[in-house]
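Structure file upload_15.txt; described as compact mmCIF, C-alpha atoms.
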```txt
# COMPACT_ATOMS: atom_id res chain seq x y z
CA MET A 1 5.41 52.69 24.51
CA ASN A 2 2.88 51.86 21.86
CA ASP A 3 5.12 52.06 18.79
CA VAL A 4 2.32 51.12 16.41
CA ARG A 5 0.18 54.00 17.60
CA GLU A 6 3.14 56.35 17.90
CA LEU A 7 4.32 56.05 14.32
CA LEU A 8 0.99 55.43 12.64
CA GLY A 9 -0.26 58.54 14.39
CA ARG A 10 1.98 60.58 12.09
CA ALA A 11 -0.29 59.63 9.21
CA VAL A 12 -3.07 61.88 10.50
CA GLU A 13 -0.78 64.85 11.13
CA GLY A 14 -2.08 67.96 9.42
CA ALA A 15 -5.00 66.05 7.95
CA GLY A 16 -7.66 68.39 9.26
CA LYS A 17 -10.80 66.76 10.64
CA PRO A 18 -11.55 63.48 8.84
CA ALA A 19 -14.96 61.89 8.96
CA PHE A 20 -13.62 59.33 11.43
CA SER A 21 -11.62 59.90 14.60
CA ALA A 22 -7.90 59.17 14.50
CA GLY A 23 -8.25 57.62 17.93
CA ALA A 24 -10.60 55.01 16.52
CA VAL A 25 -7.78 53.67 14.38
CA TYR A 26 -5.88 52.63 17.48
CA ALA A 27 -8.56 52.10 20.12
CA LYS A 28 -8.66 48.33 19.87
CA ALA A 29 -4.87 47.99 19.68
CA ALA A 30 -4.52 50.24 22.72
CA ARG A 31 -6.95 48.11 24.70
CA ILE A 32 -5.01 44.99 23.77
CA ARG A 33 -1.75 46.46 24.97
CA ARG A 34 -3.31 47.75 28.18
CA ARG A 35 -4.55 44.26 28.98
CA ARG A 36 -1.06 42.84 28.45
CA ARG A 37 0.63 45.62 30.38
CA ALA A 38 -1.95 46.16 33.11
CA ALA A 39 0.76 46.42 35.73
CA ALA A 40 2.61 49.26 33.99
CA SER A 41 3.22 52.45 35.93
CA ALA A 42 0.82 55.38 35.60
CA ALA A 43 3.44 57.42 33.82
CA VAL A 44 3.99 54.77 31.18
CA LEU A 45 0.26 54.26 30.71
CA ALA A 46 -0.17 57.99 30.24
CA VAL A 47 2.33 57.91 27.39
CA VAL A 48 0.62 54.91 25.78
CA ALA A 49 -2.78 56.55 26.10
CA ALA A 50 -1.65 59.85 24.58
CA GLY A 51 -3.36 60.68 21.33
CA ALA A 52 -1.82 61.55 17.98
CA PHE A 53 -0.07 64.92 18.16
CA THR A 54 0.25 67.78 15.72
CA LEU A 55 3.73 69.09 15.03
CA PRO A 56 3.93 72.41 13.16
CA ARG A 57 6.43 72.28 10.31
CA THR A 58 8.27 74.78 8.21
CA GLY A 59 10.12 73.55 5.19
CA GLY A 60 9.31 69.90 5.79
CA GLU A 61 8.46 67.36 3.11
CA GLU A 62 4.85 66.48 2.41
CA SER A 63 3.96 62.92 1.52
CA PRO A 64 2.29 62.43 -1.85
CA ALA A 65 -1.29 61.21 -2.03
CA HIS A 66 -0.39 58.48 -4.56
CA THR A 67 1.81 55.44 -4.04
CA SER A 68 4.98 54.73 -5.99
CA VAL A 69 7.40 51.85 -6.56
CA ALA A 70 11.19 51.71 -6.81
CA SER A 71 13.69 48.87 -6.84
CA ALA A 72 16.47 48.92 -4.26
CA GLY A 73 20.15 49.05 -5.15
CA PRO A 74 22.63 51.49 -6.67
CA SER A 75 20.95 51.41 -10.09
CA ALA A 76 17.39 51.60 -8.79
CA SER A 77 14.78 52.64 -11.33
CA PRO A 78 10.98 52.47 -11.61
CA THR A 79 9.62 49.07 -12.56
CA THR A 80 7.58 48.79 -15.73
CA SER A 81 4.66 47.30 -13.79
CA ALA A 82 4.38 50.25 -11.38
CA PRO A 83 1.03 52.04 -11.49
CA ALA A 84 2.78 55.41 -11.31
CA PRO A 85 6.37 56.69 -11.71
CA ALA A 86 8.48 56.05 -8.64
CA SER A 87 8.66 59.06 -6.34
CA ALA A 88 11.97 60.79 -5.75
CA LYS A 89 11.75 59.83 -2.07
CA ALA A 90 11.24 56.13 -2.79
CA GLU A 91 14.09 56.21 -5.29
CA ARG A 92 16.43 57.90 -2.79
CA LEU A 93 15.61 55.31 -0.15
CA ALA A 94 16.04 52.43 -2.61
CA ALA A 95 19.45 53.74 -3.66
CA LEU A 96 20.67 53.48 -0.05
CA LEU A 97 19.68 49.82 0.36
CA PRO A 98 20.90 46.53 -1.11
CA ALA A 99 18.91 45.19 -4.04
CA ASP A 100 17.81 42.05 -2.19
CA VAL A 101 15.41 43.98 0.07
CA GLY A 102 12.91 43.93 -2.81
CA GLU A 103 10.71 46.58 -4.43
CA ILE A 104 9.94 49.65 -2.34
CA GLU A 105 6.61 51.45 -2.54
CA GLU A 106 5.68 54.63 -0.70
CA VAL A 107 2.28 54.12 0.97
CA SER A 108 -0.13 55.56 3.50
CA LEU A 109 -1.14 53.07 6.17
CA LEU A 110 -4.06 55.25 7.15
CA ALA A 111 -5.36 55.01 3.59
CA LEU A 112 -4.77 51.25 3.44
CA ILE A 113 -6.26 50.36 6.81
CA LYS A 114 -8.97 53.00 7.21
CA ASN A 115 -9.63 53.98 3.58
CA ALA A 116 -8.65 57.57 4.29
CA THR A 117 -8.89 60.01 1.40
CA PRO A 118 -5.67 61.50 -0.03
CA GLU A 119 -6.39 64.74 1.83
CA GLN A 120 -7.00 62.95 5.12
CA ALA A 121 -3.85 60.88 4.70
CA ARG A 122 -1.63 63.80 3.72
CA THR A 123 1.30 64.11 6.12
CA THR A 124 4.11 66.63 6.62
CA TYR A 125 7.48 65.29 7.72
CA LEU A 126 10.70 66.77 9.09
CA GLY A 127 13.20 64.41 7.50
CA PRO A 128 13.76 64.08 3.74
CA LEU A 129 13.17 60.30 3.85
CA ASP A 130 10.51 60.21 6.56
CA GLY A 131 7.49 58.22 5.49
CA GLN A 132 5.80 54.84 5.27
CA TYR A 133 7.07 52.31 2.75
CA ALA A 134 5.95 48.86 1.61
CA PHE A 135 8.68 46.32 0.83
CA ARG A 136 7.64 43.61 -1.63
CA LYS A 137 9.74 40.45 -1.74
CA ASP A 138 9.08 36.78 -2.47
CA GLY A 139 5.33 37.33 -2.59
CA GLY A 140 5.18 38.97 0.86
CA VAL A 141 4.78 42.61 1.89
CA GLY A 142 6.52 44.21 4.86
CA TYR A 143 6.74 47.85 5.91
CA LEU A 144 9.26 50.44 7.00
CA LEU A 145 8.03 53.43 8.99
CA LEU A 146 10.53 56.23 9.52
CA THR A 147 9.84 59.46 11.41
CA LEU A 148 12.03 62.22 12.79
CA MET A 149 10.47 63.89 15.86
CA ASP A 150 11.95 67.13 17.20
CA ARG A 151 12.60 67.69 20.89
CA GLU A 152 9.57 69.90 21.46
CA ALA A 153 7.15 67.32 20.07
CA LEU A 154 8.90 64.48 21.90
CA GLU A 155 8.69 66.27 25.24
CA ARG A 156 5.09 67.22 24.64
CA LYS A 157 4.22 63.58 23.97
CA MET A 158 6.18 62.20 26.92
CA GLY A 159 5.12 64.93 29.32
CA ARG A 160 8.70 65.34 30.54
CA PRO A 161 12.10 66.61 29.35
CA ALA A 162 13.77 64.52 26.66
CA ASP A 163 16.93 62.73 27.76
CA PRO A 164 19.16 61.68 24.84
CA ALA A 165 21.11 59.41 27.22
CA GLU A 166 18.02 57.51 28.45
CA ASP A 167 18.51 53.75 28.47
CA LEU A 168 15.52 52.34 26.58
CA CYS A 169 16.66 48.78 27.32
CA ALA A 170 16.24 49.32 31.07
CA ARG A 171 13.06 47.92 32.59
CA ILE A 172 10.65 50.65 33.76
CA GLY A 173 8.53 49.59 36.72
CA GLN A 174 6.44 46.58 35.72
CA GLU A 175 6.70 47.38 32.00
CA PRO A 176 7.87 44.23 30.15
CA ALA A 177 11.50 44.38 29.07
CA ARG A 178 12.11 44.94 25.37
CA ASP A 179 13.09 41.72 23.62
CA ASP A 180 16.65 41.39 22.29
CA CYS A 181 17.28 45.05 23.10
CA VAL A 182 20.64 46.48 22.03
CA ARG A 183 21.78 49.98 23.04
CA GLU A 184 24.78 51.46 21.24
CA VAL A 185 26.42 54.81 21.86
CA LEU A 186 27.82 55.97 18.54
CA PRO A 187 31.15 57.79 18.14
CA ASP A 188 29.35 61.10 17.50
CA GLY A 189 27.45 60.81 20.80
CA ARG A 190 24.10 59.74 19.41
CA THR A 191 22.46 56.65 20.92
CA LEU A 192 20.88 53.92 18.80
CA THR A 193 18.57 51.43 20.47
CA THR A 194 17.00 48.51 18.59
CA TRP A 195 14.81 45.66 19.79
CA HIS A 196 12.41 43.02 18.52
CA ASP A 197 8.67 43.09 19.11
CA SER A 198 6.70 39.91 18.47
CA MET A 199 3.44 41.91 18.20
CA ASP A 200 1.63 38.81 19.43
CA TYR A 201 -1.17 40.67 21.13
CA SER A 202 -4.50 38.87 21.29
CA GLY A 203 -7.75 40.66 20.54
CA ASP A 204 -10.41 41.27 17.95
CA ASP A 205 -8.76 44.15 16.11
CA SER A 206 -9.26 44.18 12.33
CA VAL A 207 -5.47 44.38 11.79
CA GLY A 208 -2.87 41.95 13.14
CA TRP A 209 0.76 43.06 12.85
CA GLY A 210 3.57 40.58 12.33
CA PRO A 211 6.90 40.59 14.20
CA GLU A 212 9.09 43.64 13.72
CA LEU A 213 12.38 45.27 14.53
CA VAL A 214 12.01 48.64 16.25
CA GLY A 215 14.64 51.34 16.48
CA ARG A 216 15.18 54.75 18.03
CA LEU A 217 18.10 57.04 17.35
CA ALA A 218 18.42 59.71 20.03
CA GLN A 219 20.31 62.78 18.85
CA SER A 220 22.24 65.29 20.93
CA ASP A 221 19.66 68.03 20.35
CA GLY A 222 16.93 65.90 21.91
CA SER A 223 15.27 64.89 18.66
CA GLN A 224 14.72 61.22 17.81
CA PHE A 225 14.37 59.04 14.76
CA LEU A 226 11.64 56.44 15.28
CA VAL A 227 11.62 53.45 12.96
CA ARG A 228 9.74 50.18 12.53
CA SER A 229 10.92 47.41 10.23
CA SER A 230 7.76 45.30 10.16
CA THR A 231 7.06 41.95 8.56
CA GLY A 232 3.64 43.36 7.63
CA PHE A 233 0.05 43.04 8.72
CA GLU A 234 -2.97 40.86 8.07
CA GLY A 235 -6.59 41.90 8.00
CA SER A 236 -8.22 45.11 6.81
CA GLY A 237 -6.27 46.70 3.94
CA THR A 238 -3.57 44.04 3.72
CA GLN A 239 -1.42 44.13 0.58
CA GLY A 240 -0.11 40.60 0.86
CA PRO A 241 1.24 37.89 3.20
CA LEU A 242 3.75 38.67 5.93
CA LEU A 243 7.46 38.60 5.15
CA SER A 244 9.44 35.84 6.85
CA GLU A 245 11.79 38.48 8.33
CA PRO A 246 11.63 42.27 8.85
CA PRO A 247 12.52 44.02 5.57
CA LEU A 248 15.61 45.67 7.08
CA SER A 249 18.00 44.01 9.51
CA ARG A 250 19.52 45.64 12.58
CA GLN A 251 22.71 46.54 10.71
CA GLN A 252 20.77 47.89 7.73
CA LEU A 253 18.68 50.06 10.03
CA LYS A 254 21.83 51.38 11.68
CA LYS A 255 23.42 52.23 8.35
CA LEU A 256 20.27 53.99 7.17
CA LEU A 257 19.68 55.99 10.35
CA THR A 258 23.29 57.11 10.76
CA GLY A 259 23.69 58.30 7.18
CA PRO A 260 23.42 61.97 6.22
CA GLU A 261 20.61 61.27 3.75
CA VAL A 262 17.96 61.03 6.50
CA LEU A 263 18.85 64.38 8.08
CA PRO A 264 17.07 67.64 7.20
CA LYS A 265 19.07 70.02 5.06
CA GLY A 266 20.49 73.18 6.49
```
Would you mind writing the file's structure down as structure tokens?
Amino acid sequence: MNDVRELLGRAVEGAGKPAFSAGAVYAKAARIRRRRRAAASAAVLAVVAAGAFTLPRTGGEESPAHTSVASAGPSASPTTSAPAPASAKAERLAALLPADVGEIEEVSLLALIKNATPEQARTTYLGPLDGQYAFRKDGGVGYLLLTLMDREALERKMGRPADPAEDLCARIGQEPARDDCVREVLPDGRTLTTWHDSMDYSGDDSVGWGPELVGRLAQSDGSQFLVRSSTGFEGSGTQGPLLSEPPLSRQQLKKLLTGPEVLPKG
């Protein structure tokens, strides 16, 4: 699965028809992955090749056009150097994390990488904390991408019924095994799978992603949380050097994803 394309694709959701094609954002990265995974099964390749989808929403949260900064920790508050007041979403996320993760800024990767306008980058989410966030620490900039996808959208993307019990650590055909993959069935029946991705794909793309920790939380209703804890990217639109480690660890991701704060109300 192309997790970069999958989660970045959310940025163009509901954006109308921008002057550039959303597929162009990922074309080079997709070609790189196809070269590395040329022996993958046709079913897997079909999933990788699938384009960004549109998921109708009612009552979801819409990402703001501007960016905002908040400091992590129980007493998080906007920093005096922030260009705009910290958003409520960034503040809520910061309050759930230890202070040593650094400053948290809500961003749009589509705007950063492709210079999308605020209208083109506008995104509607299901979860109250879904979004794309920059983590600034020790001079580096990493990213956290969090998205809740309902069962209907997940099945439409996969082209098959969603299986909450699917073992994502299992090798599928000739698809390379996920590195350091850990699958954990939680007491409430949900399944959390996390793994590392070196992102060391060669090619001439204008953006090169650093290593990251990827996670998926499969829920009993067939919906899934998709998350990337990335050390950052270099190239077009970069905000700074890569972090030495993903901004959130495996345990921090687990605590965040299993908390009630990420779930839709109602």
Kindly indicate which residue among A:Leu154, A:Ala162, A:Leu186, A:Leu145 lies nearest to Val227 (chain A), using all atoms listed in the file for the distances.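 Checking each of A:Leu154, A:Ala162, A:Leu186, A:Leu145 against Val227 (chain A), counting all atoms listed in the file, the winner is A:Leu145.
Atom to atom, CA of Ser249 (chain A) and CA of Gly173 (chain A) stand 29.3 Å apart.
Here CA of Ser236 (chain A) is placed at a distance of 24.8 Å from CA of Thr124 (chain A).
For the atom pair formed by CA of Pro247 (chain A) and CA of Arg178 (chain A), the distance is 19.8 Å, given to one decimal.
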Could you tell me which of A:Asp221, A:Arg151, A:Pro246, A:Ala99 comes closest to His196 (chain A) if we count all atoms listed in the file?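 With all atoms listed in the file as the atom set, the closest residue is A:Pro246.
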